[in-house]
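Trainee: I'm passing along upload.cif; it holds mmCIF, C-alpha atoms.
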data_final
loop_
_atom_site.label_atom_id
_atom_site.label_comp_id
_atom_site.auth_asym_id
_atom_site.auth_seq_id
_atom_site.Cartn_x
_atom_site.Cartn_y
_atom_site.Cartn_z
CA MET Z 213 0.00 0.00 0.00
CA ALA Z 214 1.39 3.34 -1.03
CA ASN Z 215 0.43 5.13 2.15
CA ASN Z 216 2.19 5.38 5.49
CA ILE Z 217 -0.70 6.20 7.79
CA VAL Z 218 -0.16 3.65 10.56
CA SER Z 219 -3.77 3.50 11.79
CA LEU Z 220 -5.07 3.09 8.23
CA ASN Z 221 -2.65 0.26 7.48
CA GLU Z 222 -3.67 -1.44 10.71
CA LEU Z 223 -7.34 -1.29 9.72
CA VAL Z 224 -6.51 -2.61 6.24
CA SER Z 225 -4.63 -5.55 7.72
CA GLN Z 226 -7.55 -6.39 10.04
CA PHE Z 227 -9.84 -6.53 7.01
CA GLU Z 228 -7.23 -8.58 5.18
CA ARG Z 229 -7.38 -11.28 7.85
CA LEU Z 230 -11.01 -11.99 6.90
CA PRO Z 231 -11.45 -15.02 4.61
CA GLY Z 232 -11.68 -14.18 0.91
CA ILE Z 233 -10.64 -10.54 1.40
CA GLY Z 234 -7.47 -9.66 -0.51
CA LYS Z 235 -5.22 -6.61 -0.24
CA LYS Z 236 -7.15 -4.42 -2.67
CA THR Z 237 -10.57 -5.23 -1.23
CA ALA Z 238 -9.26 -4.68 2.31
CA ALA Z 239 -8.05 -1.21 1.29
CA ARG Z 240 -11.39 -0.45 -0.34
CA LEU Z 241 -13.28 -1.48 2.81
CA ALA Z 242 -11.00 0.57 5.09
CA TYR Z 243 -11.45 3.66 2.88
CA PHE Z 244 -15.20 3.08 2.98
CA VAL Z 245 -15.17 3.06 6.79
CA LEU Z 246 -13.19 6.32 6.80
CA SER Z 247 -15.68 7.93 4.41
CA GLN Z 248 -18.63 7.13 6.71
CA PRO Z 249 -19.73 9.21 9.71
CA ALA Z 250 -17.88 8.35 12.94
CA ASP Z 251 -20.85 6.48 14.43
CA TYR Z 252 -20.55 3.80 11.73
CA ALA Z 253 -17.08 2.77 12.92
CA GLU Z 254 -18.29 2.93 16.51
CA LYS Z 255 -21.36 0.75 15.89
CA PHE Z 256 -19.31 -1.70 13.83
CA ALA Z 257 -16.73 -1.94 16.64
CA ALA Z 258 -19.43 -2.36 19.28
CA SER Z 259 -21.17 -5.15 17.35
CA LEU Z 260 -17.86 -7.01 16.95
CA ILE Z 261 -17.22 -6.90 20.69
CA ASN Z 262 -20.84 -7.57 21.57
CA ALA Z 263 -21.23 -10.59 19.29
CA LYS Z 264 -17.99 -12.13 20.49
CA GLU Z 265 -18.96 -11.56 24.15
CA LYS Z 266 -22.55 -12.82 24.01
CA ILE Z 267 -22.21 -15.74 21.63
CA HIS Z 268 -20.87 -19.08 22.75
CA TYR Z 269 -21.45 -22.75 21.98
CA CYS Z 270 -24.83 -24.37 22.69
CA SER Z 271 -24.22 -26.76 25.58
CA ARG Z 272 -25.93 -29.54 23.59
CA CYS Z 273 -25.20 -29.23 19.87
CA GLN Z 274 -22.15 -26.89 20.11
CA ALA Z 275 -23.57 -24.50 17.49
CA PHE Z 276 -23.45 -20.75 18.15
CA THR Z 277 -26.08 -19.33 20.50
CA ASP Z 278 -26.53 -16.51 22.98
CA LEU Z 279 -28.59 -18.83 25.25
CA ASP Z 280 -27.52 -21.87 27.24
CA ILE Z 281 -29.34 -24.20 24.84
CA CYS Z 282 -29.90 -23.00 21.26
CA ASP Z 283 -33.27 -22.47 19.59
CA ILE Z 284 -33.00 -25.62 17.52
CA CYS Z 285 -32.15 -27.88 20.47
CA SER Z 286 -34.95 -26.41 22.58
CA ASP Z 287 -37.56 -26.48 19.77
CA ASP Z 288 -40.18 -29.16 20.63
CA ASN Z 289 -41.19 -29.45 16.99
CA ARG Z 290 -37.80 -30.79 15.93
CA ASP Z 291 -37.24 -34.52 15.49
CA LYS Z 292 -35.04 -35.48 18.44
CA SER Z 293 -34.26 -38.93 17.02
CA THR Z 294 -31.95 -37.64 14.26
CA ILE Z 295 -28.67 -35.78 14.60
CA CYS Z 296 -26.86 -34.29 11.63
CA VAL Z 297 -23.11 -34.01 12.31
CA VAL Z 298 -21.37 -31.04 10.66
CA GLU Z 299 -17.89 -29.57 10.85
CA GLN Z 300 -18.63 -25.86 11.36
CA PRO Z 301 -21.36 -23.69 12.93
CA LYS Z 302 -22.00 -22.09 9.53
CA ASP Z 303 -22.93 -25.51 8.11
CA VAL Z 304 -26.00 -25.48 10.39
CA LEU Z 305 -27.09 -22.29 8.62
CA VAL Z 306 -26.64 -23.93 5.22
CA PHE Z 307 -28.93 -26.81 6.27
CA GLU Z 308 -31.49 -24.48 7.87
CA ARG Z 309 -31.71 -22.39 4.70
CA MET Z 310 -32.93 -25.51 2.88
CA ARG Z 311 -35.97 -25.73 5.23
CA GLU Z 312 -36.17 -29.49 4.69
CA TYR Z 313 -34.34 -30.99 7.64
CA ARG Z 314 -36.30 -31.18 10.89
CA GLY Z 315 -33.83 -33.07 13.11
CA LEU Z 316 -31.07 -31.78 15.39
CA TYR Z 317 -27.43 -30.95 14.72
CA HIS Z 318 -24.04 -31.54 16.25
CA VAL Z 319 -21.12 -29.27 15.41
CA LEU Z 320 -17.66 -30.87 15.63
CA HIS Z 321 -15.76 -27.56 15.21
CA GLY Z 322 -13.36 -28.99 12.68
CA CYS Z 323 -12.33 -32.36 11.33
CA ILE Z 324 -9.55 -34.80 12.06
CA SER Z 325 -6.49 -33.46 10.27
CA PRO Z 326 -3.10 -34.82 11.35
CA LEU Z 327 -1.32 -32.25 9.14
CA ASP Z 328 -2.88 -29.41 11.16
CA ASN Z 329 -2.34 -31.28 14.43
CA ILE Z 330 -6.10 -31.74 14.94
CA GLY Z 331 -6.93 -35.09 16.49
CA PRO Z 332 -10.29 -36.44 17.75
CA GLU Z 333 -9.70 -34.95 21.21
CA GLN Z 334 -9.74 -31.39 19.76
CA LEU Z 335 -13.24 -31.95 18.32
CA LYS Z 336 -16.63 -32.03 20.09
CA ILE Z 337 -16.79 -35.82 19.82
CA LYS Z 338 -17.09 -36.56 23.56
CA GLU Z 339 -20.13 -34.26 23.61
CA LEU Z 340 -21.67 -36.10 20.64
CA LEU Z 341 -21.21 -39.51 22.27
CA ALA Z 342 -22.80 -38.19 25.47
CA ARG Z 343 -25.88 -37.13 23.50
CA LEU Z 344 -26.22 -40.60 21.98
CA SER Z 345 -26.12 -42.46 25.29
CA ASP Z 346 -29.81 -42.10 26.29
CA ASN Z 347 -31.26 -44.05 23.32
CA THR Z 348 -33.44 -41.22 21.91
CA VAL Z 349 -31.26 -40.87 18.82
CA THR Z 350 -31.83 -43.54 16.18
CA GLU Z 351 -29.98 -42.01 13.22
CA VAL Z 352 -26.80 -39.98 12.84
CA ILE Z 353 -26.30 -38.28 9.47
CA MET Z 354 -22.67 -37.58 8.62
CA ALA Z 355 -22.50 -34.23 6.84
CA THR Z 356 -18.79 -33.56 7.13
CA ASN Z 357 -17.18 -31.97 4.06
CA PRO Z 358 -16.49 -34.17 1.01
CA THR Z 359 -12.72 -33.92 1.57
CA VAL Z 360 -10.18 -36.51 2.65
CA GLU Z 361 -10.25 -35.11 6.21
CA GLY Z 362 -14.04 -34.91 6.32
CA GLU Z 363 -14.28 -38.51 5.11
CA ALA Z 364 -11.74 -39.71 7.65
CA THR Z 365 -13.66 -37.97 10.44
CA ALA Z 366 -16.95 -39.51 9.29
CA SER Z 367 -15.50 -43.02 9.21
CA TYR Z 368 -13.79 -42.53 12.59
CA LEU Z 369 -17.14 -41.50 14.09
CA SER Z 370 -19.03 -44.40 12.47
CA ARG Z 371 -16.62 -46.87 14.03
CA LEU Z 372 -17.39 -45.32 17.45
CA ILE Z 373 -21.16 -45.03 17.00
CA LYS Z 374 -22.09 -48.22 15.15
CA PRO Z 375 -21.53 -50.46 18.21
CA MET Z 376 -24.23 -48.39 19.98
CA GLY Z 377 -26.83 -49.78 17.53
CA ILE Z 378 -27.51 -46.40 15.92
CA LYS Z 379 -28.07 -46.12 12.16
CA ILE Z 380 -25.37 -44.04 10.44
CA THR Z 381 -25.94 -42.41 7.07
CA ARG Z 382 -24.06 -39.90 5.02
CA LEU Z 383 -25.04 -37.36 2.36
CA ALA Z 384 -25.22 -38.78 -1.17
CA TYR Z 385 -22.33 -38.04 -3.51
CA GLY Z 386 -23.11 -37.15 -7.09
CA ILE Z 387 -23.14 -34.47 -9.72
CA PRO Z 388 -24.41 -31.09 -8.49
CA VAL Z 389 -27.79 -30.02 -9.89
CA GLY Z 390 -27.54 -27.36 -12.60
CA SER Z 391 -23.86 -27.95 -13.35
CA ASP Z 392 -22.28 -29.37 -16.48
CA LEU Z 393 -20.91 -32.94 -16.62
CA GLU Z 394 -17.78 -31.47 -18.20
CA TYR Z 395 -16.88 -29.77 -14.91
CA ALA Z 396 -17.52 -32.76 -12.64
CA GLY Z 397 -14.33 -34.23 -11.21
CA GLU Z 398 -13.42 -37.85 -11.95
CA MET Z 399 -14.00 -38.92 -8.38
CA THR Z 400 -17.43 -37.24 -8.29
CA LEU Z 401 -18.40 -38.92 -11.56
CA THR Z 402 -17.21 -42.30 -10.31
CA LEU Z 403 -19.31 -41.94 -7.15
CA ALA Z 404 -22.30 -40.65 -9.15
CA LEU Z 405 -22.08 -43.74 -11.39
CA ASP Z 406 -21.75 -46.08 -8.42
CA GLY Z 407 -24.75 -44.49 -6.76
CA ARG Z 408 -26.96 -44.40 -9.88
CA THR Z 409 -30.68 -44.88 -9.27
CA GLU Z 410 -33.39 -46.29 -11.53
CA ILE Z 411 -35.71 -43.76 -13.21
CA MET M 176 -30.74 -15.59 7.86
CA ALA M 177 -32.06 -18.67 9.56
CA ASN M 178 -30.84 -17.76 13.01
CA ASN M 179 -32.31 -15.56 15.69
CA ILE M 180 -29.23 -14.60 17.66
CA VAL M 181 -29.62 -10.82 17.89
CA SER M 182 -25.95 -9.96 18.37
CA LEU M 183 -24.95 -12.22 15.46
CA ASN M 184 -27.50 -10.66 13.13
CA GLU M 185 -26.28 -7.20 14.12
CA LEU M 186 -22.71 -8.14 13.25
CA VAL M 187 -23.85 -9.62 9.93
CA SER M 188 -25.71 -6.43 9.04
CA GLN M 189 -22.66 -4.30 9.85
CA PHE M 190 -20.59 -6.40 7.44
CA GLU M 191 -23.42 -6.15 4.89
CA ARG M 192 -23.14 -2.35 4.88
CA LEU M 193 -19.63 -2.62 3.43
CA PRO M 194 -19.46 -2.09 -0.35
CA GLY M 195 -19.50 -5.30 -2.38
CA ILE M 196 -20.37 -7.51 0.59
CA GLY M 197 -23.66 -9.39 0.12
CA LYS M 198 -25.78 -11.31 2.64
CA LYS M 199 -23.97 -14.63 2.29
CA THR M 200 -20.48 -13.13 2.48
CA ALA M 201 -21.49 -11.00 5.47
CA ALA M 202 -22.66 -14.14 7.29
CA ARG M 203 -19.44 -15.95 6.40
CA LEU M 204 -17.34 -13.05 7.75
CA ALA M 205 -19.37 -12.84 10.99
CA TYR M 206 -18.99 -16.58 11.57
CA PHE M 207 -15.28 -16.23 10.93
CA VAL M 208 -15.00 -13.53 13.61
CA LEU M 209 -16.85 -15.79 16.07
CA SER M 210 -14.53 -18.69 15.32
CA GLN M 211 -11.42 -16.62 16.15
CA PRO M 212 -10.01 -16.01 19.64
CA ALA M 213 -11.64 -13.05 21.48
CA ASP M 214 -8.64 -10.78 20.98
CA TYR M 215 -9.23 -10.78 17.22
CA ALA M 216 -12.63 -9.09 17.59
CA GLU M 217 -11.13 -6.72 20.16
CA LYS M 218 -8.20 -5.72 17.95
CA PHE M 219 -10.48 -5.35 14.93
CA ALA M 220 -12.84 -3.11 16.93
CA ALA M 221 -9.95 -1.05 18.30
CA SER M 222 -8.47 -0.49 14.84
CA LEU M 223 -11.86 0.67 13.50
CA ILE M 224 -12.20 3.25 16.27
CA ASN M 225 -8.52 4.22 16.14
CA ALA M 226 -8.42 4.75 12.37
CA LYS M 227 -11.60 6.78 12.40
CA GLU M 228 -10.33 8.91 15.31
CA LYS M 229 -6.82 9.60 14.03
CA ILE M 230 -7.44 10.02 10.33
CA HIS M 231 -8.79 13.24 8.88
CA TYR M 232 -8.37 15.28 5.72
CA CYS M 233 -5.00 16.83 4.84
CA SER M 234 -5.47 20.58 5.26
CA ARG M 235 -4.01 21.11 1.77
CA CYS M 236 -5.01 18.31 -0.59
CA GLN M 237 -7.96 16.89 1.44
CA ALA M 238 -6.67 13.30 1.15
CA PHE M 239 -6.63 11.12 4.26
CA THR M 240 -3.78 11.66 6.70
CA ASP M 241 -3.04 11.39 10.41
CA LEU M 242 -0.88 14.53 10.23
CA ASP M 243 -1.89 18.13 9.59
CA ILE M 244 -0.34 18.07 6.10
CA CYS M 245 -0.03 14.69 4.38
CA ASP M 246 3.23 13.03 3.28
CA ILE M 247 2.70 13.84 -0.36
CA CYS M 248 2.00 17.55 0.21
CA SER M 249 5.01 17.89 2.52
CA ASP M 250 7.40 15.91 0.27
CA ASP M 251 9.97 18.31 -1.19
CA ASN M 252 10.68 15.95 -4.06
CA ARG M 253 7.19 16.27 -5.50
CA ASP M 254 6.49 18.65 -8.37
CA LYS M 255 4.48 21.45 -6.77
CA SER M 256 3.48 22.95 -10.13
CA THR M 257 1.01 20.19 -11.02
CA ILE M 258 -2.19 19.18 -9.20
CA CYS M 259 -4.17 16.09 -10.14
CA VAL M 260 -7.85 16.49 -9.16
CA VAL M 261 -9.60 13.26 -8.11
CA GLU M 262 -13.01 12.46 -6.66
CA GLN M 263 -12.12 10.15 -3.77
CA PRO M 264 -9.20 9.61 -1.36
CA LYS M 265 -8.79 6.06 -2.71
CA ASP M 266 -8.08 7.50 -6.18
CA VAL M 267 -4.84 8.96 -4.77
CA LEU M 268 -3.79 5.42 -3.89
CA VAL M 269 -4.53 4.23 -7.43
CA PHE M 270 -2.28 6.94 -8.86
CA GLU M 271 0.47 6.33 -6.31
CA ARG M 272 0.52 2.61 -7.12
CA MET M 273 1.48 3.52 -10.69
CA ARG M 274 4.68 5.25 -9.40
CA GLU M 275 4.70 7.54 -12.46
CA TYR M 276 3.06 10.72 -11.25
CA ARG M 277 5.26 13.08 -9.23
CA GLY M 278 2.92 16.04 -8.77
CA LEU M 279 0.40 16.80 -6.03
CA TYR M 280 -3.26 15.86 -5.63
CA HIS M 281 -6.53 17.45 -4.69
CA VAL M 282 -9.44 15.33 -3.48
CA LEU M 283 -12.92 16.74 -4.16
CA HIS M 284 -14.73 14.14 -2.01
CA GLY M 285 -17.38 13.48 -4.61
CA CYS M 286 -18.61 14.96 -7.86
CA ILE M 287 -21.41 17.31 -8.81
CA SER M 288 -24.55 15.17 -8.91
CA PRO M 289 -27.90 17.00 -8.82
CA LEU M 290 -29.76 13.68 -8.45
CA ASP M 291 -27.96 13.02 -5.16
CA ASN M 292 -28.29 16.67 -4.11
CA ILE M 293 -24.55 17.23 -4.35
CA GLY M 294 -23.69 20.68 -5.66
CA PRO M 295 -20.28 22.43 -5.98
CA GLU M 296 -20.57 23.79 -2.43
CA GLN M 297 -20.52 20.23 -0.98
CA LEU M 298 -17.16 19.54 -2.66
CA LYS M 299 -13.65 20.73 -1.72
CA ILE M 300 -13.62 23.25 -4.59
CA LYS M 301 -13.06 26.36 -2.46
CA GLU M 302 -9.95 24.65 -1.05
CA LEU M 303 -8.70 23.86 -4.58
CA LEU M 304 -9.13 27.45 -5.77
CA ALA M 305 -7.27 28.70 -2.69
CA ARG M 306 -4.31 26.46 -3.60
CA LEU M 307 -4.21 27.87 -7.13
CA SER M 308 -4.09 31.52 -6.06
CA ASP M 309 -0.32 31.84 -5.40
CA ASN M 310 0.81 31.09 -8.98
CA THR M 311 2.97 28.03 -8.16
CA VAL M 312 0.58 25.70 -9.95
CA THR M 313 0.84 25.75 -13.74
CA GLU M 314 -1.19 22.65 -14.65
CA VAL M 315 -4.32 21.02 -13.24
CA ILE M 316 -5.02 17.45 -14.42
CA MET M 317 -8.69 16.49 -14.24
CA ALA M 318 -8.89 12.84 -13.16
CA THR M 319 -12.54 12.68 -12.16
CA ASN M 320 -14.34 9.45 -13.11
CA PRO M 321 -15.34 8.93 -16.76
CA THR M 322 -19.04 9.26 -15.91
CA VAL M 323 -21.60 11.95 -16.75
CA GLU M 324 -21.20 13.43 -13.24
CA GLY M 325 -17.40 13.23 -13.34
CA GLU M 326 -17.37 14.95 -16.72
CA ALA M 327 -19.74 17.68 -15.56
CA THR M 328 -17.56 18.30 -12.51
CA ALA M 329 -14.42 18.52 -14.66
CA SER M 330 -15.97 21.01 -17.05
CA TYR M 331 -17.42 23.07 -14.17
CA LEU M 332 -13.91 23.26 -12.65
CA SER M 333 -12.25 24.17 -15.98
CA ARG M 334 -14.61 27.09 -16.38
CA LEU M 335 -13.53 28.34 -12.94
CA ILE M 336 -9.81 27.71 -13.36
CA LYS M 337 -9.10 28.66 -16.99
CA PRO M 338 -9.50 32.41 -16.32
CA MET M 339 -6.63 32.09 -13.83
CA GLY M 340 -4.28 31.30 -16.72
CA ILE M 341 -3.59 27.74 -15.59
CA LYS M 342 -3.31 24.88 -18.12
CA ILE M 343 -6.05 22.30 -17.68
CA THR M 344 -5.70 18.74 -18.99
CA ARG M 345 -7.67 15.58 -18.53
CA LEU M 346 -6.80 11.88 -18.74
CA ALA M 347 -6.96 10.43 -22.25
CA TYR M 348 -10.00 8.36 -23.17
CA GLY M 349 -9.47 5.20 -25.17
CA ILE M 350 -9.59 1.43 -25.18
CA PRO M 351 -8.09 -0.16 -22.04
CA VAL M 352 -4.81 -2.01 -22.57
CA GLY M 353 -5.19 -5.80 -22.63
CA SER M 354 -8.92 -5.82 -23.26
CA ASP M 355 -10.82 -6.93 -26.36
CA LEU M 356 -12.34 -4.43 -28.81
CA GLU M 357 -15.55 -6.48 -28.64
CA TYR M 358 -16.08 -5.36 -25.04
CA ALA M 359 -15.37 -1.66 -25.55
CA GLY M 360 -18.48 0.53 -25.28
CA GLU M 361 -19.58 2.59 -28.28
CA MET M 362 -18.73 5.83 -26.53
CA THR M 363 -15.25 4.59 -25.59
CA LEU M 364 -14.62 3.48 -29.17
CA THR M 365 -15.83 6.81 -30.56
CA LEU M 366 -13.47 8.68 -28.23
CA ALA M 367 -10.61 6.27 -29.00
CA LEU M 368 -11.13 6.92 -32.73
CA ASP M 369 -11.28 10.70 -32.24
CA GLY M 370 -8.10 10.61 -30.18
CA ARG M 371 -6.15 8.29 -32.53
CA THR M 372 -2.41 8.91 -32.76
CA GLU M 373 0.06 8.22 -35.58
CA ILE M 374 2.35 5.19 -35.21
#
Produce structure tokens that represent the structure in this file.
Mentor:
Amino acid sequence: MANNIVSLNELVSQFERLPGIGKKTAARLAYFVLSQPADYAEKFAASLINAKEKIHYCSRCQAFTDLDICDICSDDNRDKSTICVVEQPKDVLVFERMREYRGLYHVLHGCISPLDNIGPEQLKIKELLARLSDNTVTEVIMATNPTVEGEATASYLSRLIKPMGIKITRLAYGIPVGSDLEYAGEMTLTLALDGRTEI
Amino acid sequence: MANNIVSLNELVSQFERLPGIGKKTAARLAYFVLSQPADYAEKFAASLINAKEKIHYCSRCQAFTDLDICDICSDDNRDKSTICVVEQPKDVLVFERMREYRGLYHVLHGCISPLDNIGPEQLKIKELLARLSDNTVTEVIMATNPTVEGEATASYLSRLIKPMGIKITRLAYGIPVGSDLEYAGEMTLTLALDGRTEI
């Protein structure tokens, strides 16, 4: 950056730490903040602090909440016999947007990844097993990411959960709706072929 | 957003107010902040407040600075006889990145736009005229945006400045380097043809 205003560069580098925000965009955002009335920066700062202070993990599903138990876990209309296991809190949002799934969730907060020094003990696996111990849950849906690490985490969990007599499923692999076959990876196509259904 | 955590939604809507950040990206950024250690949110908040508090307009060129007179205005190696007039503080950065221009700047902080109720008196025009009164400046380069409003602002300024005996130039219009003729607008092509040079 061709400026040597320390406080501006600091703000730019804070924006740059956000995922998907590069140098140029970070500069654009910082300049935008400076061009706004002072109360914008103040409100933005307050909401950062406030959100981080008030929001913690739901004591059951480990998703984000500002309560002890989140809205989904405490909703009597949800199907308590099914738990969908996801890697990140934001994955819960992705499922909720669909408005199809009526069961509960469990957020692992990552996946097993020896390269990043993340083993099972760093994830919310103990908490998941505790939730399965009272026999209300009959199905666990593995919705970890379709990556090597996500797969490894799903199969590690299945080995732990299967002996408890609980059905374990995972999301179907296949070609994404609306895309072109040309852009499907080989592995995706192989799995789509394996999982073909009669029409 | 399928969540009803007030403080989270507030943070999302603050991110959404940033230019170019849509609903989904804002949610992703807010979740990222929550997933970081608490000191990240604190540092981010502090740098927002700090930048907004310390940075103001240079008393000469009206660009952002944390000093009374910015680095460019107080740099003895810059050519004090040329002023490049731009609309926004970020435009100064764009020019400085090029490392070609050695003159000074003047930031108008907008352009004349009757639809947005912005007239000449809302812009830093008085300040520009004051800088031109001591006869050091011999050329003013108009680098307002190539829009109807930018053009109108440039021609309004020329009418004011020309009587002072100062040369007024503007950036050349033409086809952008590296692009395809197919994508050039009709107006751009017309101006590129008018401004053709011998090779």
Trainee: Which one of Z:Ser259, Z:Ser271, Z:Ser225, Z:Asn289 sits closest to chain M if you count all atoms listed in the file?
Mentor: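 Of Z:Ser259, Z:Ser271, Z:Ser225, Z:Asn289, the one nearest chain M is Z:Ser259, counting all atoms listed in the file.
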Trainee: Which is closer to chain Z than all the others in M:Ile196, M:Leu268, M:Ala201, M:Leu366, using all atoms listed in the file?
Mentor: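 For chain Z, the nearest of the given residues is M:Leu268.
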Trainee: From the set Z:Gly234, Z:Pro249, Z:Pro358, Z:Pro326, which residue has the shortest atom-to-atom contact distance to Glu299 of chain Z, counting all atoms listed in the file?
Mentor: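 Of the candidates, the smallest distance to Glu299 of chain Z is held by Z:Pro358.
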Trainee: Between Z:Ala366, Z:Leu246, Z:Cys285, Z:Ala355, single out the one closest to Arg272 of chain Z, counting only C-alpha atoms.
Mentor: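 Checking each candidate against Arg272 of chain Z, we get Z:Cys285 as the closest.
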Trainee: Quick one: which residues end up in the PyMOL selection byres ((chain Z and resi 337-351) around 12) for this structure, as a ChimeraX atom specification?
Mentor: /Z:269-274,285,291-299,315-324,331-336,352-354,365-366,368-382
Trainee: Starting from chain Z, keep only residues with some atom at most 7 Å from an atom of chain M, counting all atoms listed in the file, and report them as a PyMOL selection string.
Mentor: chain Z and resi 214+217+219-220+222-223+226+230-231+241+243+246+250+253-254+256-257+259-264+277-278+302+305+308-309
Trainee: Taking all atoms of segment 257-270 of chain Z that appear in the file, build a box with edges along x, y and z, extend it by 3 Å on every side, and state its centre and edge lengths in Å to one decimal, as lines of an AutoDock Vina configuration file.
Mentor:
center_x = -20.8
center_y = -13.2
center_z = 20.4
size_x = 14.1
size_y = 28.4
size_z = 13.5
Trainee: Take atom CA of Arg371 of chain M and atom CA of Asn320 of chain M and report the distance between them in Å, one decimal.
Mentor: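 Separation between atom CA of Arg371 of chain M and atom CA of Asn320 of chain M: 21.1 Å.
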Trainee: Just give me the gap between atom CA of Glu363 of chain Z and atom CA of Ala404 of chain Z in Å, one decimal is fine.
Mentor: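 If I compute the distance from atom CA of Glu363 of chain Z to atom CA of Ala404 of chain Z, I get 16.5 Å.
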Trainee: What is the atom CA of Gly390 of chain Z-atom CA of Glu361 of chain Z distance in Å, reported with one decimal?
Mentor: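 Atom-to-atom, atom CA of Gly390 of chain Z and atom CA of Glu361 of chain Z are spaced 26.7 Å apart.
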Trainee: What does the PyMOL selection byres ((chain Z and resi 385) around 10) select in this file, as a PyMOL selection string?
Mentor: chain Z and resi 358+382-384+386-388+399-407
Trainee: Residues as selected, C-alpha atoms, written as a PDB file, keeping the file's coordinate frame, can you do that?
Mentor:
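Output below, filename selection_18.pdb:
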ATOM      1  CA  PRO Z 358     -16.490 -34.170   1.010  1.00  0.00           C
ATOM      2  CA  ARG Z 382     -24.060 -39.900   5.020  1.00  0.00           C
ATOM      3  CA  LEU Z 383     -25.040 -37.360   2.360  1.00  0.00           C
ATOM      4  CA  ALA Z 384     -25.220 -38.780  -1.170  1.00  0.00           C
ATOM      5  CA  GLY Z 386     -23.110 -37.150  -7.090  1.00  0.00           C
ATOM      6  CA  ILE Z 387     -23.140 -34.470  -9.720  1.00  0.00           C
ATOM      7  CA  PRO Z 388     -24.410 -31.090  -8.490  1.00  0.00           C
ATOM      8  CA  MET Z 399     -14.000 -38.920  -8.380  1.00  0.00           C
ATOM      9  CA  THR Z 400     -17.430 -37.240  -8.290  1.00  0.00           C
ATOM     10  CA  LEU Z 401     -18.400 -38.920 -11.560  1.00  0.00           C
ATOM     11  CA  THR Z 402     -17.210 -42.300 -10.310  1.00  0.00           C
ATOM     12  CA  LEU Z 403     -19.310 -41.940  -7.150  1.00  0.00           C
ATOM     13  CA  ALA Z 404     -22.300 -40.650  -9.150  1.00  0.00           C
ATOM     14  CA  LEU Z 405     -22.080 -43.740 -11.390  1.00  0.00           C
ATOM     15  CA  ASP Z 406     -21.750 -46.080  -8.420  1.00  0.00           C
ATOM     16  CA  GLY Z 407     -24.750 -44.490  -6.760  1.00  0.00           C
TER      17      GLY Z 407
END
